[in-house]
Amino acid sequence: MYVAVKGGERAIENAHRLLAQERRGDPAVPELSLEQIGQQLTLAVDRVMNEGSLYDRELAALAIKQARGDSIEAIFLLRAFRATLPRFGMSELIDTGAMAVDRRISSTFKDIPGGQVLGPTFDYTHRLLETQSATADDIAPASAEGKLPKMPRATDLLAADDLIERSPQASEDERVGDLTQDPLSFPADRDLRLQNLARGDEGFLLALGYSTQRGYGRNHPFAGEIRLGDVEVEFAPEEIGFAVPLGRITVTECQMVNQFRGSATEPPRFTRGYGLGFGHCERKVMAMALVDRALRARELGEEARGPAQDEEFVLSHSDNVQATGFVEHLKLPHHVDFQAELGLIRRLRAEFEAASSDEVREAAE
Amino acid sequence: MNAPQNAPAYNFAYLDEQTKRMIRRAILKAVAIPGYQVPFASREMPMPYGWGTGGVQVTAAILGPDDVLKVIDQGADDTTNAVSIRKFFQKTAGVKTTTSAREATVIQTRHRIPETPLTGNQILVYQVPIPDPLRYLEPRETETRRMHALAEYGLMHVKLYEDIARHGHIATTYAYPVKVDGRYVMDPSPTPKFDNPKMDGCPALQLFGAGREKRIYAIPPHTRVVSLDFDDHPFERYRYDGACALCGATDSYLDEIVTDDRGTRMFVCSDTDYCEGRRGDPEEAGAPQAEAPRP
């Protein structure tokens, strides 16, 4: 009996049941709660919120659980949900200068006003597997001062002396682009590029950022400042005419200080690369800042030599939900086209055989 | 009673009305400029990119409560992805679905055009992976948009010519480029070139949706669609030279199925509805087939 194309419906249902079983694992082991994921796998939650571009810790935790811990699948779940949400408008600009800081470091100055604040970091831990992290009942309390109030950005200190270019300021009536509402076209402005990078795959950006450090579009970076903390989000409904606070979100920001340039009319200044993401995501925002700076090659009159400087290449391939969908779609049946290819290759082979036997005959004669 | 408090309530055919309006505008523009790729703000759908999100968005935007929907993949109604998309619309739109190409008002397809000729009250929606026929010749969107604007299609003819020089034939067997209404060169989606002539002068509206690439394009009814070729190497259809092992059709596109580990093959219609119709038992549609007769 030929069954190759029959019974799809039942097979799908069964596969879904099997998936649910696998997701749960051994029923003798207690089920993971969303609180546990939200509290103990915080960086996974942060990544999913970032690339899912939706700030909701609980939904991100749910997505991670449903996706069996697969980040990209979880990001996809969150994105698909996000696409169904109505839009009320745009928030006011967040002010990372007014951040309640948990961590803030600068590699360009030994000390800066407000100090170097290490905060919760893997940096300087020795990467030794520690059995107590499996149980960890008695964690020595840290003597942190809690969130630190407003402190100046290291890059603002440079800007005060005009040693670094100004951050571009958006004018009041200029609408920020949104690539989820309008299709991306090229060349893309920096707002859209940054949005694309913020949603972009961490691994992809990491590799691209790394490639600039190894010479494929080098831009001489210094980590001017990295800060992590909470900022207020405000929204100004048209009806009432002033901004009201919606809540606070945790963000990580990276200001990269890059090689200076000048011209006949402009004195030399350092340039900037910028990265910002939800939650604690230092690796992501540092890579993002490197790639942001690399993508400014055209604007700054640099020759684009590395893949990270190629806007169409970077922006078209950064989205892991798109990438995984298209790569994995090769699993879908393609037998109709394959049959057409089979037909052609058989014909070409027959012609090849005929031609070679002709040659043999001619040679024999 | 036990439903979660904020269980999502989705709109008819899933997409919100604002999104549908945006997609319909793109469709109208596409119909007005046959073969031109219209950018649209493609949404994240609850199925993966590359699995028909473009087609699904187009279908969602045009579907009305009275429509009858048919979904095929590789010509068949019961391939897994066709089943999945059909179920999606059953669930979100509650429309009537069918496997009959005659009965359907909207047919969403991946990789095939039904063998049954379409009529003026039908719409065929294609799922498109890479909408630009020039993409594999020039990877940059900024370049290909300019080439389309200037109708600069020399590169495509060079490619087809190089095929002939190297292989003696045009080595494109699917996604075979066509010229629509004498102006735009268009990718027909990865249908085998056997299906190309069906697009020409077709009374049904043909809509193409590429979700990941965010493009919609169209062939209005009764539009001239010409497969690119040369005078001395005219366009040729390909089908396996034989009859369907199930229905005996000699005019349909055939799937090649390996039936045992000794490499025995059988050839059957890729269009399951057409095949079942020819066997004259529509009630049997969807039921498992009895032992297939050997060729």
# chains A, B, ... in the order shown; residues from 1 in each chain; ligands from 1

call {"tool": "residues_around", "arguments": {"residues": "Arg21 of chain B", "least_positions_apart": "3", "cutoff": "12 Å", "atoms": "only C-alpha atoms", "output": "count of residues only"}}
result
16

call {"tool": "closest_atom_pairs", "arguments": {"of": "chain B", "to": "chain A", "cutoff": "8 Å", "atoms": "only C-alpha atoms", "output": "CSV"}}
result
residue,atom,partner,partner_atom,distance
B:Leu15,CA,A:Thr84,CA,7.3
B:Asp16,CA,A:Thr84,CA,7.2
B:Pro39,CA,A:Pro183,CA,6.3
B:Phe40,CA,A:Pro183,CA,5.7
B:Ala41,CA,A:Pro183,CA,4.7
B:Ser42,CA,A:Pro183,CA,7.2
B:Arg43,CA,A:Ala83,CA,6.3
B:Glu44,CA,A:Ala80,CA,5.1
B:Met45,CA,A:Ala80,CA,5.5
B:Pro46,CA,A:Ala80,CA,5.3
B:Pro48,CA,A:Gly325,CA,4.9
B:Tyr49,CA,A:Gly325,CA,4.5
B:Gly50,CA,A:Phe326,CA,4.6
B:Trp51,CA,A:His329,CA,6.0
B:Asp73,CA,A:Pro333,CA,8.0
B:Gln74,CA,A:Val336,CA,5.7
B:Ala76,CA,A:Val5,CA,7.7
B:Asp78,CA,A:Gly8,CA,5.7
B:Thr79,CA,A:Val5,CA,5.7
B:Thr80,CA,A:Gly8,CA,4.9
B:Asn81,CA,A:Leu332,CA,7.4
B:Val83,CA,A:Glu9,CA,6.1
B:Ser84,CA,A:Glu9,CA,7.8
B:His111,CA,A:Val336,CA,7.1
B:Arg112,CA,A:Val336,CA,7.9
B:Arg140,CA,A:Glu312,CA,7.1
B:Glu141,CA,A:Phe186,CA,7.7
B:Thr142,CA,A:Phe186,CA,6.5
B:His167,CA,A:Leu348,CA,7.1
B:Ala171,CA,A:Leu344,CA,7.3
B:Thr173,CA,A:Ala340,CA,5.6
B:Tyr174,CA,A:Asp337,CA,6.0
B:Pro190,CA,A:Asp337,CA,7.1
B:Thr191,CA,A:Asp337,CA,6.8
B:Pro192,CA,A:Asp337,CA,5.6
B:Arg212,CA,A:Gln322,CA,6.2
B:Lys214,CA,A:Pro183,CA,6.6
B:Tyr238,CA,A:Ala340,CA,7.1
B:Arg239,CA,A:Ala340,CA,7.5
B:Tyr240,CA,A:Gly343,CA,6.9
B:Asp255,CA,A:Val336,CA,6.4
B:Glu256,CA,A:Gln339,CA,6.7
B:Thr259,CA,A:Tyr2,CA,7.5
B:Ser270,CA,A:Val336,CA,7.4
B:Gly286,CA,A:Lys6,CA,7.6
B:Pro288,CA,A:Lys6,CA,6.5
B:Gln289,CA,A:Met1,CA,7.3
B:Ala290,CA,A:Met1,CA,6.5
B:Glu291,CA,A:Met1,CA,4.7
B:Ala292,CA,A:Met1,CA,6.1

call {"tool": "select_by_dssp", "arguments": {"residues": "segment 18-216 of chain A", "states": "alpha helix (DSSP H)", "output": "JSON, numbers by chain"}}
result
{"A": [18, 19, 20, 21, 22, 23, 24, 34, 35, 36, 37, 38, 39, 40, 42, 43, 44, 45, 46, 47, 48, 49, 50, 51, 52, 57, 58, 59, 60, 61, 62, 63, 64, 65, 66, 71, 72, 73, 74, 75, 76, 77, 78, 79, 80, 81, 82, 132, 133, 134, 135, 154, 155, 156, 157, 158, 159, 160, 190, 191, 192, 193, 194, 195, 196, 197, 198, 199, 202, 203, 204, 205, 206, 207, 208, 209, 210, 211, 212, 213]}

call {"tool": "select_by_dssp", "arguments": {"residues": "segment 138-317 of chain A", "states": "strand (DSSP E or B)", "output": "MDAnalysis selection string"}}
result
chainID A and resid 148 164 222:235 244:261 269:278

call {"tool": "write_last_selection", "arguments": {"atoms": "C-alpha atoms", "output": "PDB file, in the first residue's frame"}}
result
ATOM      1  CA  LEU A 148      22.837  53.674  42.767  1.00  0.00           C
ATOM      2  CA  ILE A 164      33.771  62.611  20.896  1.00  0.00           C
ATOM      3  CA  PHE A 222      37.102  50.979  23.604  1.00  0.00           C
ATOM      4  CA  ALA A 223      34.271  50.072  25.944  1.00  0.00           C
ATOM      5  CA  GLY A 224      33.606  53.673  26.962  1.00  0.00           C
ATOM      6  CA  GLU A 225      30.887  52.537  29.293  1.00  0.00           C
ATOM      7  CA  ILE A 226      28.654  49.597  30.013  1.00  0.00           C
ATOM      8  CA  ARG A 227      25.785  50.131  32.413  1.00  0.00           C
ATOM      9  CA  LEU A 228      23.007  47.938  33.714  1.00  0.00           C
ATOM     10  CA  GLY A 229      20.032  49.122  35.712  1.00  0.00           C
ATOM     11  CA  ASP A 230      16.436  50.274  35.756  1.00  0.00           C
ATOM     12  CA  VAL A 231      14.926  53.097  33.761  1.00  0.00           C
ATOM     13  CA  GLU A 232      11.493  54.640  33.855  1.00  0.00           C
ATOM     14  CA  VAL A 233       9.213  54.223  30.822  1.00  0.00           C
ATOM     15  CA  GLU A 234       6.776  57.062  30.247  1.00  0.00           C
ATOM     16  CA  PHE A 235       3.936  57.502  27.840  1.00  0.00           C
ATOM     17  CA  VAL A 244       2.695  59.476  32.739  1.00  0.00           C
ATOM     18  CA  PRO A 245       4.953  56.703  34.028  1.00  0.00           C
ATOM     19  CA  LEU A 246       4.119  53.180  32.854  1.00  0.00           C
ATOM     20  CA  GLY A 247       6.717  51.363  34.896  1.00  0.00           C
ATOM     21  CA  ARG A 248      10.376  50.491  35.049  1.00  0.00           C
ATOM     22  CA  ILE A 249      12.388  48.182  32.857  1.00  0.00           C
ATOM     23  CA  THR A 250      15.897  46.794  33.254  1.00  0.00           C
ATOM     24  CA  VAL A 251      18.233  47.542  30.372  1.00  0.00           C
ATOM     25  CA  THR A 252      21.915  47.144  29.514  1.00  0.00           C
ATOM     26  CA  GLU A 253      23.617  49.877  27.534  1.00  0.00           C
ATOM     27  CA  CYS A 254      27.006  49.920  25.850  1.00  0.00           C
ATOM     28  CA  GLN A 255      28.675  53.073  24.567  1.00  0.00           C
ATOM     29  CA  MET A 256      31.646  52.114  22.457  1.00  0.00           C
ATOM     30  CA  VAL A 257      34.294  54.769  21.827  1.00  0.00           C
ATOM     31  CA  ASN A 258      35.860  54.277  18.430  1.00  0.00           C
ATOM     32  CA  GLN A 259      38.642  55.625  16.302  1.00  0.00           C
ATOM     33  CA  PHE A 260      38.561  59.321  15.736  1.00  0.00           C
ATOM     34  CA  ARG A 261      38.287  61.069  12.454  1.00  0.00           C
ATOM     35  CA  ARG A 269      36.876  63.416  17.353  1.00  0.00           C
ATOM     36  CA  PHE A 270      36.189  59.931  18.621  1.00  0.00           C
ATOM     37  CA  THR A 271      33.146  58.263  17.107  1.00  0.00           C
ATOM     38  CA  ARG A 272      30.515  56.106  18.786  1.00  0.00           C
ATOM     39  CA  GLY A 273      28.982  52.683  18.450  1.00  0.00           C
ATOM     40  CA  TYR A 274      25.838  52.019  20.444  1.00  0.00           C
ATOM     41  CA  GLY A 275      24.144  48.997  21.929  1.00  0.00           C
ATOM     42  CA  LEU A 276      21.027  48.677  24.091  1.00  0.00           C
ATOM     43  CA  GLY A 277      19.010  45.674  25.157  1.00  0.00           C
ATOM     44  CA  PHE A 278      16.385  44.477  27.639  1.00  0.00           C
TER      45      PHE A 278
END

call {"tool": "closest_residue", "arguments": {"among": "B:Gly277, B:Ile164, B:Tyr253, B:Met156", "to": "Thr144 of chain B", "atoms": "only C-alpha atoms"}}
result
B:Met156

call {"tool": "residues_around", "arguments": {"residues": "Pro65 of chain B", "least_positions_apart": "5", "cutoff": "12 Å", "atoms": "only C-alpha atoms", "output": "VMD selection string"}}
result
chain B and resid 12 to 13 60 89 to 90 92 to 97 105 to 106

call {"tool": "write_last_selection", "arguments": {"atoms": "C-alpha atoms", "output": "compact mmCIF listing (two decimals), in the first residue's frame"}}
result
# COMPACT_ATOMS: atom_id res chain seq x y z
CA PHE B 12 -11.50 36.37 12.09
CA ALA B 13 -8.72 34.68 10.10
CA ALA B 60 -6.11 35.78 5.74
CA PHE B 89 -7.90 28.62 8.95
CA GLN B 90 -10.53 26.15 10.11
CA THR B 92 -9.23 30.95 13.20
CA ALA B 93 -11.79 31.68 10.45
CA GLY B 94 -14.18 28.76 10.69
CA VAL B 95 -14.54 28.75 6.91
CA LYS B 96 -15.63 25.73 4.94
CA THR B 97 -12.70 23.77 3.54
CA THR B 105 -13.11 29.84 -4.00
CA VAL B 106 -9.64 30.34 -2.55

call {"tool": "residues_around", "arguments": {"residues": "Ile33 of chain B", "least_positions_apart": "4", "cutoff": "10 Å", "atoms": "only C-alpha atoms", "output": "list in words"}}
result
Ile27, Leu28, Lys29, Gln37, Val38, Val180, Asp181, Arg183, Tyr184, Tyr217, Ala218, Ile219 and Pro220 of chain B

call {"tool": "write_last_selection", "arguments": {"atoms": "C-alpha atoms", "output": "mmCIF file, in the first residue's frame"}}
result
data_model
loop_
_atom_site.group_PDB
_atom_site.id
_atom_site.type_symbol
_atom_site.label_atom_id
_atom_site.label_comp_id
_atom_site.auth_asym_id
_atom_site.auth_seq_id
_atom_site.Cartn_x
_atom_site.Cartn_y
_atom_site.Cartn_z
ATOM 1 C CA ILE B 27 -2.552 43.369 -3.062
ATOM 2 C CA LEU B 28 -4.413 46.132 -4.911
ATOM 3 C CA LYS B 29 -1.144 47.736 -5.916
ATOM 4 C CA GLN B 37 6.948 43.019 -6.210
ATOM 5 C CA VAL B 38 5.176 45.247 -3.676
ATOM 6 C CA VAL B 180 4.154 39.222 -17.067
ATOM 7 C CA ASP B 181 2.121 41.466 -19.360
ATOM 8 C CA ARG B 183 6.909 44.153 -18.573
ATOM 9 C CA TYR B 184 8.111 42.559 -15.322
ATOM 10 C CA TYR B 217 2.870 40.339 -6.286
ATOM 11 C CA ALA B 218 0.041 39.356 -8.576
ATOM 12 C CA ILE B 219 -1.140 38.234 -11.982
ATOM 13 C CA PRO B 220 -4.592 39.696 -12.702
#

call {"tool": "atom_distance", "arguments": {"atom1": "atom CA of Arg215 of chain B", "atom2": "atom CA of Asp189 of chain A"}}
result
20.6 Å

call {"tool": "atom_distance", "arguments": {"atom1": "atom CA of Gly25 of chain A", "atom2": "atom CA of Lys65 of chain A"}}
result
11.9 Å

call {"tool": "atom_distance", "arguments": {"atom1": "atom CA of Arg110 of chain B", "atom2": "atom CA of Gln127 of chain B"}}
result
5.3 Å

call {"tool": "residues_around", "arguments": {"residues": "Ala98 of chain A", "least_positions_apart": "2", "cutoff": "6 Å", "atoms": "only C-alpha atoms", "output": "list in words"}}
result
Asp95, Thr96 and Lys150 of chain A

call {"tool": "write_last_selection", "arguments": {"atoms": "N, CA and C atoms", "output": "CSV table (one decimal), in the first residue's frame"}}
result
chain,number,residue,atom,x,y,z
A,95,ASP,N,15.6,57.5,29.5
A,95,ASP,CA,16.9,58.3,29.8
A,95,ASP,C,17.8,57.4,30.5
A,96,THR,N,18.7,56.8,29.8
A,96,THR,CA,19.7,55.9,30.5
A,96,THR,C,20.6,56.6,31.4
A,150,LYS,N,21.3,58.3,39.8
A,150,LYS,CA,21.9,58.9,38.6
A,150,LYS,C,23.4,59.1,38.6

call {"tool": "closest_residue", "arguments": {"among": "A:Leu300, A:Leu93, A:Leu129, A:Met49", "to": "Ala198 of chain A", "atoms": "only C-alpha atoms"}}
result
A:Met49

call {"tool": "residues_around", "arguments": {"residues": "Glu103 of chain B", "least_positions_apart": "6", "cutoff": "10 Å", "atoms": "only C-alpha atoms", "output": "PyMOL selection string"}}
result
chain B and resi 67-70+97+122

call {"tool": "write_last_selection", "arguments": {"atoms": "C-alpha atoms", "output": "mmCIF file, in the first residue's frame"}}
result
data_model
loop_
_atom_site.group_PDB
_atom_site.id
_atom_site.type_symbol
_atom_site.label_atom_id
_atom_site.label_comp_id
_atom_site.auth_asym_id
_atom_site.auth_seq_id
_atom_site.Cartn_x
_atom_site.Cartn_y
_atom_site.Cartn_z
ATOM 1 C CA ASP B 67 -15.298 31.409 1.108
ATOM 2 C CA VAL B 68 -14.439 27.765 0.591
ATOM 3 C CA LEU B 69 -10.752 27.107 1.139
ATOM 4 C CA LYS B 70 -8.486 24.467 -0.355
ATOM 5 C CA THR B 97 -12.697 23.770 3.541
ATOM 6 C CA GLN B 122 -11.455 31.672 -7.839
#

call {"tool": "closest_residue", "arguments": {"among": "B:Phe194, B:Tyr274, B:Phe208, B:Phe88", "to": "Tyr126 of chain B", "atoms": "only C-alpha atoms"}}
result
B:Phe208
